[in-house]
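Next comes input-v2.txt, a file with compact mmCIF, C-alpha atoms and all ligand atoms.
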```txt
# COMPACT_ATOMS: atom_id res chain seq x y z
CA MET A 1 296.83 166.54 -16.04
CA PRO A 2 296.96 163.01 -14.60
CA ASP A 3 293.57 161.44 -13.94
CA THR A 4 293.14 161.52 -10.16
CA SER A 5 289.50 160.43 -10.10
CA PRO A 6 288.84 157.45 -7.86
CA VAL A 7 289.00 154.12 -9.65
CA MET A 8 285.58 152.45 -9.86
CA ILE A 9 285.97 148.93 -8.55
CA ALA A 10 283.43 146.56 -10.09
CA ASP A 11 281.86 143.94 -7.91
CA VAL A 12 282.59 140.61 -9.52
CA ASP A 13 279.63 139.15 -7.63
CA ALA A 14 277.11 141.83 -8.69
CA THR A 15 275.55 139.55 -11.30
CA TYR A 16 275.12 136.62 -8.94
CA GLN A 17 271.37 137.08 -8.45
CA PRO A 18 269.56 133.82 -7.71
CA THR A 19 265.83 133.98 -8.40
CA GLN A 20 263.41 133.46 -5.56
CA ASN A 21 262.96 129.83 -6.58
CA GLU A 22 266.70 129.30 -6.69
CA ARG A 23 267.06 130.79 -3.20
CA LEU A 24 264.33 128.52 -1.90
CA ARG A 25 266.07 125.55 -3.44
CA GLN A 26 269.38 126.59 -1.87
CA GLY A 27 267.70 126.76 1.54
CA ILE A 28 266.26 123.28 1.14
CA VAL A 29 269.59 121.88 -0.07
CA SER A 30 271.36 123.45 2.88
CA ALA A 31 268.90 121.91 5.35
CA LEU A 32 269.14 118.56 3.58
CA ARG A 33 272.91 118.61 3.79
CA LYS A 34 272.79 119.32 7.50
CA PHE A 35 270.17 116.60 7.99
CA ALA A 36 272.34 114.06 6.14
CA SER A 37 275.77 114.93 7.49
CA ALA A 38 274.79 115.66 11.11
CA ASP A 39 271.40 114.13 12.00
CA LEU A 40 271.67 110.96 9.93
CA ARG A 41 275.28 110.51 11.02
CA LEU A 42 274.19 110.55 14.67
CA GLU A 43 271.39 108.11 13.83
CA MET A 44 273.93 105.82 12.17
CA GLN A 45 276.18 106.09 15.23
CA ARG A 46 273.27 105.18 17.50
CA ASP A 47 272.60 102.11 15.35
CA TYR A 48 276.26 101.11 15.62
CA GLU A 49 276.47 101.60 19.38
CA THR A 50 273.18 99.93 20.27
CA ARG A 51 273.03 97.06 17.76
CA VAL A 52 276.09 96.47 15.54
CA GLN A 53 278.86 96.90 18.12
CA PRO A 54 277.15 94.81 20.86
CA ALA A 55 276.71 91.99 18.32
CA LEU A 56 280.42 92.14 17.52
CA LEU A 57 281.28 92.08 21.21
CA THR A 58 279.23 88.96 21.84
CA LYS A 59 281.31 87.27 19.10
CA ASN A 60 284.51 88.49 20.77
CA ALA A 61 285.22 90.59 17.67
CA ALA A 62 285.62 94.11 19.08
CA PRO A 63 286.73 96.46 16.25
CA LYS A 64 290.47 97.10 16.45
CA ASP A 65 290.48 100.00 14.01
CA TRP A 66 288.28 101.87 11.51
CA ARG A 67 288.60 99.04 8.95
CA ASP A 68 286.77 96.67 11.29
CA VAL A 69 284.00 99.24 11.78
CA ASP A 70 283.87 99.74 8.03
CA ALA A 71 283.50 95.99 7.40
CA ALA A 72 280.69 95.81 9.96
CA MET A 73 278.79 98.90 8.80
CA THR A 74 278.90 99.23 5.02
CA SER A 75 276.08 96.80 4.33
CA GLU A 76 273.88 98.17 7.14
CA ALA A 77 270.78 100.13 6.15
CA SER A 78 271.68 103.04 8.47
CA TYR A 79 275.04 103.49 6.71
CA ARG A 80 273.60 103.14 3.22
CA PHE A 81 270.81 105.64 3.86
CA TYR A 82 273.26 108.11 5.40
CA SER A 83 275.67 107.72 2.47
CA VAL A 84 273.11 108.07 -0.26
CA MET A 85 271.55 111.14 1.34
CA ARG A 86 274.87 112.80 2.03
CA TYR A 87 276.25 112.09 -1.45
CA ASN A 88 273.17 113.53 -3.14
CA ALA A 89 272.99 116.56 -0.86
CA GLN A 90 276.64 117.29 -1.63
CA GLU A 91 276.00 117.20 -5.38
CA MET A 92 272.92 119.39 -4.99
CA VAL A 93 274.95 122.06 -3.17
CA TRP A 94 276.97 122.82 -6.29
CA HIS A 95 274.04 122.38 -8.69
CA SER A 96 272.02 124.90 -6.68
CA VAL A 97 274.47 127.73 -7.48
CA GLN A 98 275.54 126.83 -11.00
CA ASP A 99 272.63 128.44 -12.90
CA PRO A 100 272.89 131.89 -11.27
CA VAL A 101 276.68 131.84 -11.74
CA GLU A 102 276.30 130.87 -15.41
CA ARG A 103 273.71 133.59 -16.11
CA GLY A 104 276.05 136.36 -15.01
CA LEU A 105 279.27 134.81 -16.27
CA PRO A 106 280.13 137.20 -19.13
CA GLN A 107 279.85 140.24 -16.83
CA MET A 108 281.71 138.41 -14.08
CA ILE A 109 284.60 137.69 -16.43
CA GLU A 110 284.62 141.28 -17.69
CA ALA A 111 284.68 142.68 -14.15
CA ALA A 112 287.49 140.35 -13.08
CA GLU A 113 289.58 141.23 -16.14
CA ARG A 114 289.11 144.96 -15.54
CA ILE A 115 290.13 144.58 -11.90
CA ALA A 116 293.17 142.45 -12.79
CA ALA A 117 294.28 145.10 -15.29
CA THR A 118 293.79 148.13 -13.01
CA ARG A 119 294.85 146.58 -9.66
CA PRO A 120 293.14 149.31 -7.58
CA THR A 121 294.75 148.38 -4.23
CA GLY A 122 298.10 147.29 -5.68
CA GLY A 123 297.43 143.57 -5.21
CA SER A 124 298.43 141.25 -8.02
CA LEU A 125 297.38 138.16 -9.95
CA ARG A 126 300.19 136.10 -11.45
CA LEU A 127 298.84 133.30 -13.66
CA ASN A 128 300.87 130.85 -15.69
CA PRO A 129 299.18 129.82 -18.96
CA ASP A 130 301.62 126.89 -19.30
CA PHE A 131 300.98 125.60 -15.80
CA GLU A 132 299.97 121.96 -15.69
CA VAL A 133 297.31 121.48 -13.03
CA PRO A 134 298.00 118.18 -11.19
CA ARG A 135 295.76 115.28 -12.13
CA TYR A 136 294.60 114.90 -8.54
CA VAL A 137 292.86 118.28 -8.98
CA ALA A 138 292.04 118.40 -12.70
CA GLY A 139 291.29 114.69 -13.22
CA ILE A 140 288.45 114.23 -10.72
CA ASP A 141 285.50 116.28 -9.49
CA VAL A 142 286.99 116.95 -6.04
CA HIS A 143 284.24 117.24 -3.37
CA LEU A 144 281.84 116.33 -6.21
CA ILE A 145 282.19 119.89 -7.58
CA PRO A 146 281.29 119.46 -11.26
CA GLY A 147 284.53 120.37 -13.05
CA SER A 148 286.56 120.39 -9.83
CA TYR A 149 288.40 123.64 -9.00
CA ASP A 150 289.74 124.07 -12.46
CA TRP A 151 287.07 123.66 -15.13
CA PRO A 152 288.18 125.73 -18.12
CA GLY A 153 284.79 126.78 -19.46
CA ASN A 154 286.38 129.50 -21.58
CA GLY A 155 289.61 131.41 -21.92
CA SER A 156 289.06 133.53 -18.82
CA HIS A 157 287.59 130.86 -16.65
CA ILE A 158 286.42 132.17 -13.30
CA ALA A 159 283.16 130.24 -12.91
CA GLN A 160 284.62 127.60 -10.60
CA GLY A 161 285.78 130.30 -8.18
CA ALA A 162 282.24 131.64 -7.94
CA VAL A 163 280.73 128.14 -7.68
CA VAL A 164 283.09 127.26 -4.80
CA SER A 165 282.34 130.56 -3.06
CA HIS A 166 278.55 130.48 -3.34
CA GLY A 167 278.39 126.71 -2.95
CA ALA A 168 280.27 127.02 0.36
CA ALA A 169 277.65 129.50 1.55
CA VAL A 170 274.90 126.95 0.83
CA PHE A 171 277.01 124.18 2.36
CA TYR A 172 277.44 126.00 5.68
CA ALA A 173 274.18 127.94 5.93
CA SER A 174 272.52 125.40 8.25
CA MET A 175 275.69 124.69 10.25
CA PRO A 176 276.78 127.88 12.02
CA ASN A 177 279.41 126.09 14.12
CA LEU A 178 281.27 125.24 10.93
CA ARG A 179 281.73 128.63 9.32
CA GLY A 180 285.25 127.75 8.20
CA ILE A 181 285.22 128.43 4.50
CA GLY A 182 283.84 131.92 5.04
CA GLY A 183 287.09 132.91 6.74
CA GLY A 184 286.49 131.42 10.19
CA VAL A 185 289.63 129.31 10.15
CA GLY A 186 291.85 132.22 9.13
CA GLU A 187 290.29 134.54 11.67
CA SER A 188 290.62 131.98 14.48
CA ILE A 189 294.26 131.13 13.79
CA ALA A 190 295.22 134.78 13.32
CA ARG A 191 293.58 135.79 16.61
CA TRP A 192 295.17 132.86 18.43
CA LEU A 193 298.64 133.79 17.09
CA LYS A 194 298.18 137.45 17.95
CA ALA A 195 296.92 136.77 21.49
CA SER A 196 299.39 134.02 22.35
CA ARG A 197 302.48 135.68 20.76
CA PRO A 198 302.10 139.46 21.24
CA ASP A 199 305.61 140.09 19.84
CA PHE A 200 305.02 138.16 16.62
CA LYS A 201 304.65 140.70 13.80
CA PRO A 202 304.87 138.95 10.43
CA ARG A 203 306.12 141.17 7.60
CA ARG A 204 305.20 138.70 4.84
CA MET A 205 302.84 135.74 4.91
CA LEU A 206 301.81 132.97 2.52
CA ASP A 207 298.60 130.94 2.36
CA ILE A 208 299.30 127.75 0.41
CA ALA A 209 296.33 126.37 -1.55
CA THR A 210 294.44 129.58 -0.86
CA GLY A 211 291.51 128.72 -3.17
CA ILE A 212 289.48 131.94 -3.33
CA GLY A 213 291.55 133.49 -0.52
CA ARG A 214 288.84 133.54 2.12
CA ASN A 215 290.90 132.06 4.91
CA LEU A 216 293.75 134.41 4.05
CA PHE A 217 291.84 137.70 4.11
CA PRO A 218 291.28 137.86 7.92
CA TYR A 219 295.05 137.97 8.60
CA ILE A 220 295.28 141.34 6.85
CA GLY A 221 292.99 143.03 9.37
CA ILE A 222 294.56 141.31 12.37
CA PHE A 223 298.26 141.74 11.46
CA ALA A 224 298.50 145.34 10.29
CA ASP A 225 301.00 145.87 7.47
CA VAL A 226 301.49 142.20 6.68
CA GLU A 227 302.21 141.61 2.98
CA ALA A 228 299.78 138.84 2.07
CA HIS A 229 300.44 136.18 -0.59
CA GLY A 230 298.21 133.31 -1.64
CA LEU A 231 299.00 130.53 -4.09
CA ASP A 232 296.95 127.78 -5.66
CA VAL A 233 297.09 125.48 -8.68
CA ALA A 234 293.61 126.47 -9.93
CA ALA A 235 293.29 129.72 -11.88
CA PRO A 236 289.49 130.26 -11.54
CA GLY A 237 289.67 130.57 -7.75
CA LEU A 238 292.68 132.88 -7.97
CA ARG A 239 290.90 135.14 -10.47
CA TYR A 240 287.79 135.26 -8.33
CA GLY A 241 289.72 135.73 -5.07
CA HIS A 242 291.77 138.56 -6.53
CA ALA A 243 288.63 140.35 -7.75
CA ILE A 244 286.97 139.96 -4.33
CA ALA A 245 290.08 141.16 -2.48
CA GLU A 246 290.33 144.28 -4.64
CA ARG A 247 286.61 144.95 -4.22
CA ASP A 248 287.04 144.76 -0.47
CA GLY A 249 290.14 146.96 -0.41
CA LEU A 250 292.50 144.12 0.55
CA THR A 251 295.95 144.04 -1.02
CA VAL A 252 296.78 140.41 -1.78
CA HIS A 253 299.30 138.87 -4.17
CA PHE A 254 297.88 135.75 -5.79
CA SER A 255 299.96 133.35 -7.86
CA GLN A 256 299.37 130.10 -9.69
CA GLN A 257 301.85 127.51 -8.55
CA SER A 258 301.98 124.19 -6.78
CA ALA A 259 302.69 124.10 -3.07
CA ASP A 260 305.37 121.43 -3.50
CA ARG A 261 307.44 123.64 -5.86
CA ILE A 262 307.16 127.30 -4.91
CA ASP A 263 309.12 130.02 -6.68
CA TYR A 264 309.77 132.38 -3.74
CA PRO A 265 313.32 132.55 -2.33
CA ASP A 266 314.49 130.88 0.90
CA GLY A 267 313.37 132.55 4.13
CA HIS A 268 310.89 134.85 2.33
CA PHE A 269 307.99 134.49 4.81
CA ASP A 270 307.46 134.91 8.55
CA LEU A 271 304.15 133.11 8.51
CA ILE A 272 302.88 130.24 6.33
CA VAL A 273 299.34 128.93 6.73
CA SER A 274 296.92 126.58 5.03
CA SER A 275 293.40 125.28 5.56
CA PHE A 276 291.47 122.27 4.26
CA PHE A 277 294.42 121.40 2.03
CA PHE A 278 296.79 118.54 2.85
CA HIS A 279 294.17 115.79 2.67
CA GLU A 280 293.69 116.62 -1.02
CA VAL A 281 297.24 115.83 -2.17
CA PRO A 282 299.00 112.47 -2.58
CA VAL A 283 300.96 111.33 0.45
CA LYS A 284 304.38 111.76 -1.15
CA THR A 285 303.50 115.38 -1.96
CA THR A 286 302.60 116.13 1.69
CA GLN A 287 306.22 115.80 2.74
CA GLN A 288 307.47 117.90 -0.17
CA ILE A 289 305.07 120.69 0.79
CA LEU A 290 306.29 120.72 4.39
CA ASN A 291 309.89 120.74 3.13
CA GLU A 292 308.98 123.84 1.10
CA CYS A 293 307.44 125.47 4.18
CA HIS A 294 310.68 124.90 6.07
CA ARG A 295 312.74 126.37 3.23
CA LEU A 296 310.49 129.41 2.83
CA LEU A 297 310.21 130.35 6.51
CA ALA A 298 312.59 132.93 7.93
CA PRO A 299 314.29 132.05 11.25
CA GLY A 300 311.70 132.56 13.99
CA GLY A 301 308.87 132.15 11.45
CA ILE A 302 305.77 130.07 12.14
CA MET A 303 303.65 127.72 10.07
CA VAL A 304 300.12 126.71 11.05
CA HIS A 305 298.07 124.23 9.03
CA MET A 306 294.42 123.52 9.75
CA GLU A 307 293.55 119.98 8.73
CA LEU A 308 291.51 116.90 9.56
CA PRO A 309 292.52 115.34 12.87
CA PRO A 310 294.92 112.45 12.20
CA GLU A 311 293.94 108.82 12.71
CA LYS A 312 296.23 108.51 15.75
CA MET A 313 294.00 110.95 17.72
CA LEU A 314 290.61 109.29 17.25
CA ASP A 315 288.87 106.03 18.09
CA PRO A 316 287.84 103.43 15.45
CA TRP A 317 284.33 104.87 15.09
CA ASP A 318 285.41 108.45 14.52
CA ASN A 319 288.12 107.35 12.10
CA PHE A 320 285.54 105.34 10.17
CA ARG A 321 283.12 108.24 9.87
CA TRP A 322 285.81 110.80 8.95
CA ASN A 323 287.16 108.50 6.23
CA TRP A 324 283.73 108.41 4.54
CA ASP A 325 284.86 111.10 2.10
CA THR A 326 287.59 108.92 0.59
CA ALA A 327 285.23 106.63 -1.30
CA ASN A 328 282.17 108.86 -1.42
CA ASN A 329 283.26 112.47 -1.90
CA ASN A 330 286.02 112.13 -4.52
CA GLU A 331 288.82 112.64 -2.02
CA PRO A 332 291.05 109.65 -2.82
CA ASN A 333 293.94 110.78 -0.58
CA TYR A 334 291.87 111.48 2.52
CA THR A 335 292.35 108.19 4.44
CA LEU A 336 296.03 107.88 3.59
CA TYR A 337 296.66 111.49 4.56
CA ARG A 338 294.97 110.91 7.93
CA SER A 339 297.05 107.79 8.57
CA GLN A 340 300.21 109.92 8.67
CA ASP A 341 301.55 111.61 11.80
CA PRO A 342 301.87 115.39 11.22
CA ALA A 343 304.45 115.67 14.01
CA LYS A 344 306.71 113.17 12.22
CA LEU A 345 306.22 114.91 8.87
CA CYS A 346 307.25 118.25 10.42
CA ALA A 347 310.34 116.66 11.96
CA ALA A 348 311.28 115.06 8.63
CA ALA A 349 310.96 118.50 7.00
CA GLY A 350 313.62 119.87 9.35
CA PHE A 351 311.49 121.42 12.13
CA ASP A 352 312.67 120.95 15.70
CA PRO A 353 310.11 118.65 17.43
CA ALA A 354 310.44 120.79 20.57
CA ARG A 355 309.01 123.73 18.59
CA ALA A 356 306.23 121.78 16.87
CA PHE A 357 302.59 121.69 18.02
CA GLU A 358 299.27 120.06 17.31
CA MET A 359 296.10 121.18 19.04
CA HIS A 360 292.53 122.37 18.61
CA ILE A 361 291.65 126.06 18.33
CA PRO A 362 288.07 127.32 18.86
CA ASN A 363 286.27 128.89 15.94
CA TYR A 364 286.37 132.53 17.05
CA GLU A 365 282.95 133.47 15.77
CA THR A 366 281.24 130.47 17.38
CA PHE A 367 283.09 130.65 20.69
CA GLY A 368 282.88 134.42 21.18
CA ALA A 369 285.63 136.86 22.22
CA ALA A 370 285.42 136.29 25.99
CA ASN A 371 285.61 132.49 25.74
CA PHE A 372 288.34 132.74 23.14
CA ALA A 373 290.42 134.83 25.56
CA LYS A 374 289.85 132.16 28.23
CA PHE A 375 291.05 129.52 25.79
CA VAL A 376 294.23 131.50 25.07
CA ARG A 377 294.87 131.82 28.83
CA GLY A 378 294.49 128.03 29.17
CA GLU A 379 291.27 128.31 31.20
CA MET A 380 288.94 126.63 28.70
CA PRO A 381 289.46 123.78 26.21
CA ALA A 382 288.68 124.11 22.51
CA PRO A 383 285.79 122.08 21.06
CA ALA A 384 286.62 119.10 18.84
CA HIS A 385 287.34 119.52 15.16
CA ALA A 386 284.29 120.69 13.19
CA MET A 387 282.25 120.85 16.40
CA GLY A 388 283.15 124.52 16.95
CA GLY A 389 286.91 123.99 16.88
CA TRP A 390 289.64 123.31 14.34
CA TYR A 391 292.54 120.86 14.53
CA VAL A 392 295.82 122.55 13.62
CA PHE A 393 299.43 121.43 13.45
CA GLY A 394 302.58 123.38 12.81
CA ALA A 395 305.94 124.52 14.09
CA GLU A 396 308.16 127.51 14.69
CA LYS A 397 311.42 127.59 12.77
CA ALA A 398 314.44 127.90 15.01
CA GLY A 399 315.60 131.54 15.23
C1 LIG B 401 289.38 122.54 -0.06
S1 LIG B 401 290.19 123.77 -0.97
C2 LIG B 401 290.71 124.85 0.32
C3 LIG B 401 290.88 126.28 -0.14
C4 LIG B 401 291.20 127.29 0.97
N1 LIG B 401 292.40 126.98 1.67
C5 LIG B 401 290.05 127.47 1.94
O1 LIG B 401 290.26 127.34 3.13
O2 LIG B 401 288.95 127.79 1.48
C6 LIG B 401 291.69 123.00 -1.50
C7 LIG B 401 292.50 123.83 -2.48
O3 LIG B 401 293.76 123.19 -2.70
C8 LIG B 401 294.17 123.51 -4.01
N2 LIG B 401 295.31 122.63 -4.35
C9 LIG B 401 295.28 121.29 -4.56
N3 LIG B 401 296.53 120.85 -4.78
C10 LIG B 401 297.36 121.91 -4.72
C11 LIG B 401 298.77 122.08 -4.83
N4 LIG B 401 299.59 121.06 -5.09
N5 LIG B 401 299.29 123.32 -4.68
C12 LIG B 401 298.48 124.38 -4.43
N6 LIG B 401 297.14 124.28 -4.33
C13 LIG B 401 296.58 123.06 -4.45
C14 LIG B 401 292.89 123.33 -4.81
O4 LIG B 401 292.98 123.94 -6.09
C15 LIG B 401 291.88 124.00 -3.86
O5 LIG B 401 291.76 125.37 -4.14
```
Starting from the coordinates I provided, produce the structure as structure tokens.
Ligand SMILES: C[S@@+](CC[C@H](N)C(=O)[O-])C[C@H]1O[C@@H](n2cnc3c(N)ncnc32)[C@H](O)[C@@H]1O
Amino acid sequence: MPDTSPVMIADVDATYQPTQNERLRQGIVSALRKFASADLRLEMQRDYETRVQPALLTKNAAPKDWRDVDAAMTSEASYRFYSVMRYNAQEMVWHSVQDPVERGLPQMIEAAERIAATRPTGGSLRLNPDFEVPRYVAGIDVHLIPGSYDWPGNGSHIAQGAVVSHGAAVFYASMPNLRGIGGGVGESIARWLKASRPDFKPRRMLDIATGIGRNLFPYIGIFADVEAHGLDVAAPGLRYGHAIAERDGLTVHFSQQSADRIDYPDGHFDLIVSSFFFHEVPVKTTQQILNECHRLLAPGGIMVHMELPPEKMLDPWDNFRWNWDTANNNEPNYTLYRSQDPAKLCAAAGFDPARAFEMHIPNYETFGAANFAKFVRGEMPAPAHAMGGWYVFGAEKAG
């Protein structure tokens, strides 16, 4: 007789059990991060507007762009205090979750391996042991994550997936308007697509640079029957994401590949999305990725990428403060990425400019259902990026 008993799905996170002291520390780190990145940033801005900028104006040296602001601010005490606090708080975020992840690592690995072998929901995990992770991911501690996304602690490395997941929870705990990594971006874009295009019913979708899959998962609930695929260069996040998806009954197909060279056939997807991704890759790769999106989309398909707002949209001050991460948060491509024009990149990839868009979408959870519906009807604007809204760009492929 075949075994028809229900498959027990292990919870890959069951062993993540911070002690009371560790939880207290995480709370303090979270508050410190918010204090540095929001409160001290506003204090620095006040210093600029009330002291530094007026002094420049009296010398007839109004800042023309973010470089002029940068030159005026980097030796100021307000900037240095902000930077040092923010840098240290960022490091502490990851350190505050490493010990509890490490303690439960053997069981975590075992659970993930069991899930990958049994595939309870029919999802899949396609890893490539010969895959060469690009140096811009493997060669630096991106976002100051010790070991970046890819640290190969042992043969079944999954730790970095758990560190990114739990670290993000600490990162966002004091900033409810920014609940993006927990799936807020995916949920907001999916709800916007569904409400604004009632006839759009994607059969297959792809999240490029899916990480641990969090901003992919919400699409599955919102677009019934969509076949969901997520790819990334880093195996630990894919392992962790796959185990979480199976635990939560979500069928997702994860694969390890680079977004600029994807192995699916032409026209395979109706929907391609990404979040928090393009600013992490070298500029020449950005165009190759969009070329791939154009190739992979079926006629009538849509791509939507959530990213940092480009330099062309913001004033010198805001460009200066967004570009902070380039020199201070191990994101070497950040400023150069932002200097590009997403609309031009989409056109160069073959998308019709008349079918391209760039806009802000409210974070659904922050804005609430009623306000979100007003936004979709054009009766209410979306908040600025990271202030309760997300900047997105994209295009529809001609049908
Ligand atoms: C900031 S994370 C964002 C993850 C996810 N999209 C989210 O919203 O949580 C950036 C991700 O890009 C991945 N990545 C970097 N370069 C890549 C490439 N060329 N192809 C695919 N993934 C890449 C990293 O491994 C990392 O998981």
With 9 Å as the threshold, what does the neighbourhood of (299.9, 141.2, -2.8) contain in terms of residues, counting only C-alpha atoms? Coordinates are those of the file; answer as an mmCIF file with C-alpha atoms, keeping the file's coordinate frame.
```cif
data_model
loop_
_atom_site.group_PDB
_atom_site.id
_atom_site.type_symbol
_atom_site.label_atom_id
_atom_site.label_comp_id
_atom_site.auth_asym_id
_atom_site.auth_seq_id
_atom_site.Cartn_x
_atom_site.Cartn_y
_atom_site.Cartn_z
ATOM 1 C CA THR A 121 294.750 148.380 -4.230
ATOM 2 C CA GLY A 122 298.100 147.290 -5.680
ATOM 3 C CA GLY A 123 297.430 143.570 -5.210
ATOM 4 C CA SER A 124 298.430 141.250 -8.020
ATOM 5 C CA LEU A 125 297.380 138.160 -9.950
ATOM 6 C CA GLU A 227 302.210 141.610 2.980
ATOM 7 C CA ALA A 228 299.780 138.840 2.070
ATOM 8 C CA HIS A 229 300.440 136.180 -0.590
ATOM 9 C CA GLY A 230 298.210 133.310 -1.640
ATOM 10 C CA LEU A 250 292.500 144.120 0.550
ATOM 11 C CA THR A 251 295.950 144.040 -1.020
ATOM 12 C CA VAL A 252 296.780 140.410 -1.780
ATOM 13 C CA HIS A 253 299.300 138.870 -4.170
ATOM 14 C CA PHE A 254 297.880 135.750 -5.790
#
```
For chain A versus ligand LIG 401 (chain B), which residues have an atom no more than 8 Å away, and what is each residue's nearest atom pair and distance in Å rounded to one decimal, using all atoms listed in the file, chain-then-number order, as JSON lines?
```
{"residue": "A:Pro134", "atom": "CA", "partner": "B:LIG401", "partner_atom": "N4", "distance": 6.9}
{"residue": "A:Tyr136", "atom": "CA", "partner": "B:LIG401", "partner_atom": "N3", "distance": 7.3}
{"residue": "A:Val137", "atom": "CA", "partner": "B:LIG401", "partner_atom": "C9", "distance": 5.9}
{"residue": "A:Tyr149", "atom": "CA", "partner": "B:LIG401", "partner_atom": "O4", "distance": 5.4}
{"residue": "A:Asp150", "atom": "CA", "partner": "B:LIG401", "partner_atom": "O4", "distance": 7.1}
{"residue": "A:Gly180", "atom": "CA", "partner": "B:LIG401", "partner_atom": "O1", "distance": 7.1}
{"residue": "A:Ile181", "atom": "CA", "partner": "B:LIG401", "partner_atom": "O2", "distance": 4.8}
{"residue": "A:Gly182", "atom": "CA", "partner": "B:LIG401", "partner_atom": "O2", "distance": 7.5}
{"residue": "A:Gly183", "atom": "CA", "partner": "B:LIG401", "partner_atom": "O1", "distance": 7.4}
{"residue": "A:Val185", "atom": "CA", "partner": "B:LIG401", "partner_atom": "O1", "distance": 7.3}
{"residue": "A:Gly186", "atom": "CA", "partner": "B:LIG401", "partner_atom": "O1", "distance": 7.9}
{"residue": "A:Asp207", "atom": "CA", "partner": "B:LIG401", "partner_atom": "N1", "distance": 7.4}
{"residue": "A:Ile208", "atom": "CA", "partner": "B:LIG401", "partner_atom": "C12", "distance": 6.0}
{"residue": "A:Ala209", "atom": "CA", "partner": "B:LIG401", "partner_atom": "N6", "distance": 3.6}
{"residue": "A:Thr210", "atom": "CA", "partner": "B:LIG401", "partner_atom": "N1", "distance": 4.2}
{"residue": "A:Gly211", "atom": "CA", "partner": "B:LIG401", "partner_atom": "O5", "distance": 3.5}
{"residue": "A:Ile212", "atom": "CA", "partner": "B:LIG401", "partner_atom": "O2", "distance": 6.4}
{"residue": "A:Gly213", "atom": "CA", "partner": "B:LIG401", "partner_atom": "C4", "distance": 6.4}
{"residue": "A:Arg214", "atom": "CA", "partner": "B:LIG401", "partner_atom": "O2", "distance": 5.8}
{"residue": "A:Asn215", "atom": "CA", "partner": "B:LIG401", "partner_atom": "O1", "distance": 5.1}
{"residue": "A:Leu216", "atom": "CA", "partner": "B:LIG401", "partner_atom": "N1", "distance": 7.9}
{"residue": "A:Leu231", "atom": "CA", "partner": "B:LIG401", "partner_atom": "C12", "distance": 6.2}
{"residue": "A:Asp232", "atom": "CA", "partner": "B:LIG401", "partner_atom": "N6", "distance": 3.7}
{"residue": "A:Val233", "atom": "CA", "partner": "B:LIG401", "partner_atom": "N6", "distance": 4.5}
{"residue": "A:Ala234", "atom": "CA", "partner": "B:LIG401", "partner_atom": "O4", "distance": 4.6}
{"residue": "A:Gly237", "atom": "CA", "partner": "B:LIG401", "partner_atom": "O5", "distance": 6.7}
{"residue": "A:Gln256", "atom": "CA", "partner": "B:LIG401", "partner_atom": "C12", "distance": 7.8}
{"residue": "A:Gln257", "atom": "CA", "partner": "B:LIG401", "partner_atom": "C12", "distance": 6.2}
{"residue": "A:Ser258", "atom": "CA", "partner": "B:LIG401", "partner_atom": "N5", "distance": 3.5}
{"residue": "A:Ala259", "atom": "CA", "partner": "B:LIG401", "partner_atom": "N5", "distance": 3.8}
{"residue": "A:Asp260", "atom": "CA", "partner": "B:LIG401", "partner_atom": "N4", "distance": 6.0}
{"residue": "A:Ser274", "atom": "CA", "partner": "B:LIG401", "partner_atom": "N1", "distance": 5.6}
{"residue": "A:Ser275", "atom": "CA", "partner": "B:LIG401", "partner_atom": "N1", "distance": 4.4}
{"residue": "A:Phe276", "atom": "CA", "partner": "B:LIG401", "partner_atom": "C2", "distance": 4.8}
{"residue": "A:Phe277", "atom": "CA", "partner": "B:LIG401", "partner_atom": "C6", "distance": 4.7}
{"residue": "A:Phe278", "atom": "CA", "partner": "B:LIG401", "partner_atom": "O3", "distance": 7.8}
{"residue": "A:Glu280", "atom": "CA", "partner": "B:LIG401", "partner_atom": "C9", "distance": 6.1}
{"residue": "A:Val281", "atom": "CA", "partner": "B:LIG401", "partner_atom": "N3", "distance": 5.7}
{"residue": "A:Thr285", "atom": "CA", "partner": "B:LIG401", "partner_atom": "N4", "distance": 7.6}
```
*Could you check how far atom CA of A:Ile115 sits from atom CA of A:Asp263, in Å to one decimal?*
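Between atom CA of A:Ile115 and atom CA of A:Asp263 the gap is 24.5 Å.
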*asked:* For a quick check of understanding, using all atoms listed in the file, which of A:Val283, A:Val142, A:Ala10, A:Val226 has the smallest distance to A:Asn333?
replied: A:Val283
*Considering all atoms listed in the file, return as number ranges by chain whatever protein or nucleic-acid residues lie within 6 Å of stretch 297-301 of chain A, sequence-local ones (same chain, fewer than 2 positions apart) excluded.*
A: 267, 269-271, 294-295, 396-399
*So how far away is atom CA of A:Val170 from atom CA of A:Gly184, in Å?*
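Separation of atom CA of A:Gly184 and atom CA of A:Val170: 15.6 Å.
For the choices A:His157, A:Arg23, A:Arg355, A:His385, the atom-to-atom distance to A:Trp322 is smallest for A:His385 when using all atoms listed in the file.
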_Nearest candidate to A:Tyr79 (options A:Glu102, A:Glu113, A:Glu43, A:Glu379; using all atoms listed in the file)_ = A:Glu43
*Within 10 Å of (285.0, 142.8, -5.1) (coordinates as in the file), grab all the protein and nucleic acid residues, counting all atoms listed in the file, and write them out as a list in words.*
Ile9, Ala10, Asp11, Val12, Asp13, Ala14, Ala111, Ala112, Ile115, Tyr240, Gly241, His242, Ala243, Ile244, Ala245, Glu246, Arg247, Asp248, Gly249 and Leu250 of chain A
*Expressed in Å to a single decimal, how great is the separation between atom CA of A:Ser37 and atom CA of A:Ser339?*
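So the two atoms, atom CA of A:Ser37 and atom CA of A:Ser339, lie 22.5 Å apart.
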*Got a sec: who's within 12 Å of A:Leu308, counting all atoms listed in the file, leaving out chain neighbours fewer than 3 positions off, as a PyMOL selection string?*
chain A and resi 274-280+305+311-314+318-319+322-323+325+334-342+358-360+384-386+389-393
